[in-house]
>>> print(open('my_file.txt').read())   # compact mmCIF, C-alpha atoms
# COMPACT_ATOMS: atom_id res chain seq x y z
CA MET D 1 -47.03 -88.57 14.61
CA SER D 2 -43.91 -90.21 15.97
CA THR D 3 -42.84 -90.20 19.57
CA ILE D 4 -39.19 -89.57 20.32
CA GLN D 5 -37.69 -92.32 22.45
CA THR D 6 -35.68 -91.03 25.38
CA GLU D 7 -34.67 -94.42 26.76
CA GLY D 8 -30.95 -94.65 27.36
CA LYS D 9 -30.50 -90.90 27.12
CA ASP D 10 -29.36 -88.65 29.92
CA GLU D 11 -32.51 -86.81 31.05
CA ALA D 12 -30.68 -83.63 32.02
CA LEU D 13 -28.92 -83.44 28.65
CA TRP D 14 -32.18 -84.22 26.86
CA GLU D 15 -33.88 -81.28 28.61
CA ILE D 16 -31.01 -78.95 27.68
CA ALA D 17 -31.21 -80.13 24.06
CA LYS D 18 -34.97 -79.44 23.99
CA LYS D 19 -34.48 -75.94 25.40
CA ARG D 20 -31.78 -75.14 22.85
CA ALA D 21 -33.84 -76.48 19.94
CA SER D 22 -36.79 -74.42 21.15
CA PHE D 23 -34.61 -71.31 21.31
CA ARG D 24 -33.34 -71.83 17.76
CA SER D 25 -36.92 -72.13 16.48
CA HIS D 26 -37.85 -68.97 18.39
CA LEU D 27 -34.86 -67.14 16.88
CA VAL D 28 -35.84 -68.11 13.32
CA VAL D 29 -39.41 -66.90 13.82
CA TYR D 30 -38.11 -63.66 15.40
CA VAL D 31 -35.82 -62.93 12.45
CA ILE D 32 -38.48 -63.71 9.83
CA ILE D 33 -41.27 -61.69 11.45
CA ASN D 34 -39.06 -58.72 12.28
CA ALA D 35 -37.59 -58.67 8.77
CA PHE D 36 -41.14 -58.61 7.43
CA LEU D 37 -42.17 -55.77 9.78
CA TRP D 38 -39.08 -53.68 8.95
CA GLY D 39 -39.59 -54.33 5.24
CA MET D 40 -43.22 -53.27 5.54
CA TYR D 41 -42.14 -50.11 7.34
CA LEU D 42 -39.42 -49.23 4.83
CA PHE D 43 -41.49 -49.99 1.73
CA SER D 44 -44.61 -48.18 2.95
CA GLY D 45 -43.03 -44.79 2.37
CA HIS D 46 -42.05 -44.14 5.96
CA SER D 47 -38.35 -44.67 5.64
CA VAL D 48 -35.95 -43.01 8.03
CA THR D 49 -34.77 -40.61 5.31
CA ASP D 50 -38.27 -39.15 4.77
CA ASP D 51 -38.90 -37.74 8.20
CA THR D 52 -36.33 -37.89 10.96
CA SER D 53 -38.88 -36.88 13.60
CA ARG D 54 -40.90 -40.07 13.09
CA PHE D 55 -40.07 -42.93 15.36
CA PRO D 56 -39.81 -46.24 13.47
CA TRP D 57 -42.66 -48.32 14.88
CA PRO D 58 -41.06 -51.75 14.17
CA LEU D 59 -38.45 -50.87 16.75
CA TRP D 60 -41.03 -51.58 19.49
CA THR D 61 -41.54 -55.17 18.38
CA THR D 62 -37.85 -55.71 17.71
CA LEU D 63 -36.82 -54.48 21.17
CA GLY D 64 -39.72 -55.98 23.13
CA TRP D 65 -39.60 -59.37 21.51
CA GLY D 66 -35.80 -59.22 21.52
CA LEU D 67 -35.88 -58.91 25.31
CA GLY D 68 -38.00 -62.05 25.52
CA LEU D 69 -35.62 -63.77 23.11
CA ALA D 70 -32.67 -62.78 25.31
CA PHE D 71 -34.33 -64.42 28.32
CA HIS D 72 -35.06 -67.52 26.23
CA PHE D 73 -31.36 -67.62 25.23
CA ALA D 74 -30.30 -67.29 28.87
CA GLY D 75 -32.57 -70.15 29.86
CA ALA D 76 -31.27 -72.38 27.09
CA TYR D 77 -27.54 -71.61 27.13
CA VAL D 78 -26.60 -69.82 30.35
CA PHE D 79 -28.86 -71.03 33.16
CA HIS D 80 -29.52 -74.51 31.81
CA ASN D 81 -28.64 -76.42 34.97
CA SER D 82 -31.74 -78.48 35.75
CA ASN D 83 -30.32 -79.55 39.12
CA SER D 84 -30.31 -76.08 40.64
CA VAL D 85 -33.27 -76.89 42.93
CA GLU D 86 -31.57 -80.07 44.10
CA ARG D 87 -28.31 -78.20 44.82
CA GLU D 88 -30.16 -75.51 46.76
CA TYR D 89 -31.96 -78.17 48.78
CA GLU D 90 -28.65 -79.88 49.57
CA LYS D 91 -27.13 -76.55 50.68
CA LEU D 92 -30.04 -75.93 53.03
CA LYS D 93 -29.95 -79.49 54.31
CA ASN D 94 -26.21 -79.29 55.03
CA LYS D 95 -26.62 -75.90 56.69
CA HIS D 96 -29.05 -77.26 59.29
>>> encode(input="my_file.txt", output="structure tokens")
Amino acid sequence: MSTIQTEGKDEALWEIAKKRASFRSHLVVYVIINAFLWGMYLFSGHSVTDDTSRFPWPLWTTLGWGLGLAFHFAGAYVFHNSNSVEREYEKLKNKH
């Protein structure tokens, strides 16, 4: 097992890179598992053309997990500023 050396690397950028790599792994697992669940649903004889009154059960996992994936995306790509606590502290310090 090798240890990744972070010497000489910007810590903030390294943390952002780790979050984004983690998100991409999460996305791949999400796509694979949900494709499997939808395939299982469609090939088990409960396709949407058979009975329109049946609710497709894989939709629950797709939507629920998708919500978690959306938050993971936001943490990795939108709200990735690791200095937000420091900035908030500075604002409070300057206010007083």
>>> residues_around(input="my_file.txt", residues="Tyr30 in chain D", least_positions_apart="5", cutoff="12 Å", atoms="only C-alpha atoms", output="list of chain:residue names")
D:Phe23, D:Arg24, D:Ser25, D:Ala35, D:Phe36, D:Leu37, D:Trp38, D:Thr61, D:Thr62, D:Leu63, D:Gly64, D:Trp65, D:Gly66, D:Leu67, D:Gly68, D:Leu69, D:Ala70, D:His72
>>> atom_distance(input="my_file.txt", atom1="CA of Val78 in chain D", atom2="CA of Trp60 in chain D")
25.7 Å
>>> atom_distance(input="my_file.txt", atom1="CA of Ile33 in chain D", atom2="CA of Tyr77 in chain D")
23.1 Å
>>> atom_distance(input="my_file.txt", atom1="CA of Ala12 in chain D", atom2="CA of Phe79 in chain D")
12.8 Å
>>> closest_residue(input="my_file.txt", among="D:Leu92, D:Met40, D:Ala74, D:Ile32", to="Arg20 in chain D", atoms="only C-alpha atoms")
D:Ala74
>>> closest_residue(input="my_file.txt", among="D:Arg54, D:Lys19, D:Arg87, D:Lys95", to="Phe71 in chain D", atoms="all atoms listed in the file")
D:Lys19
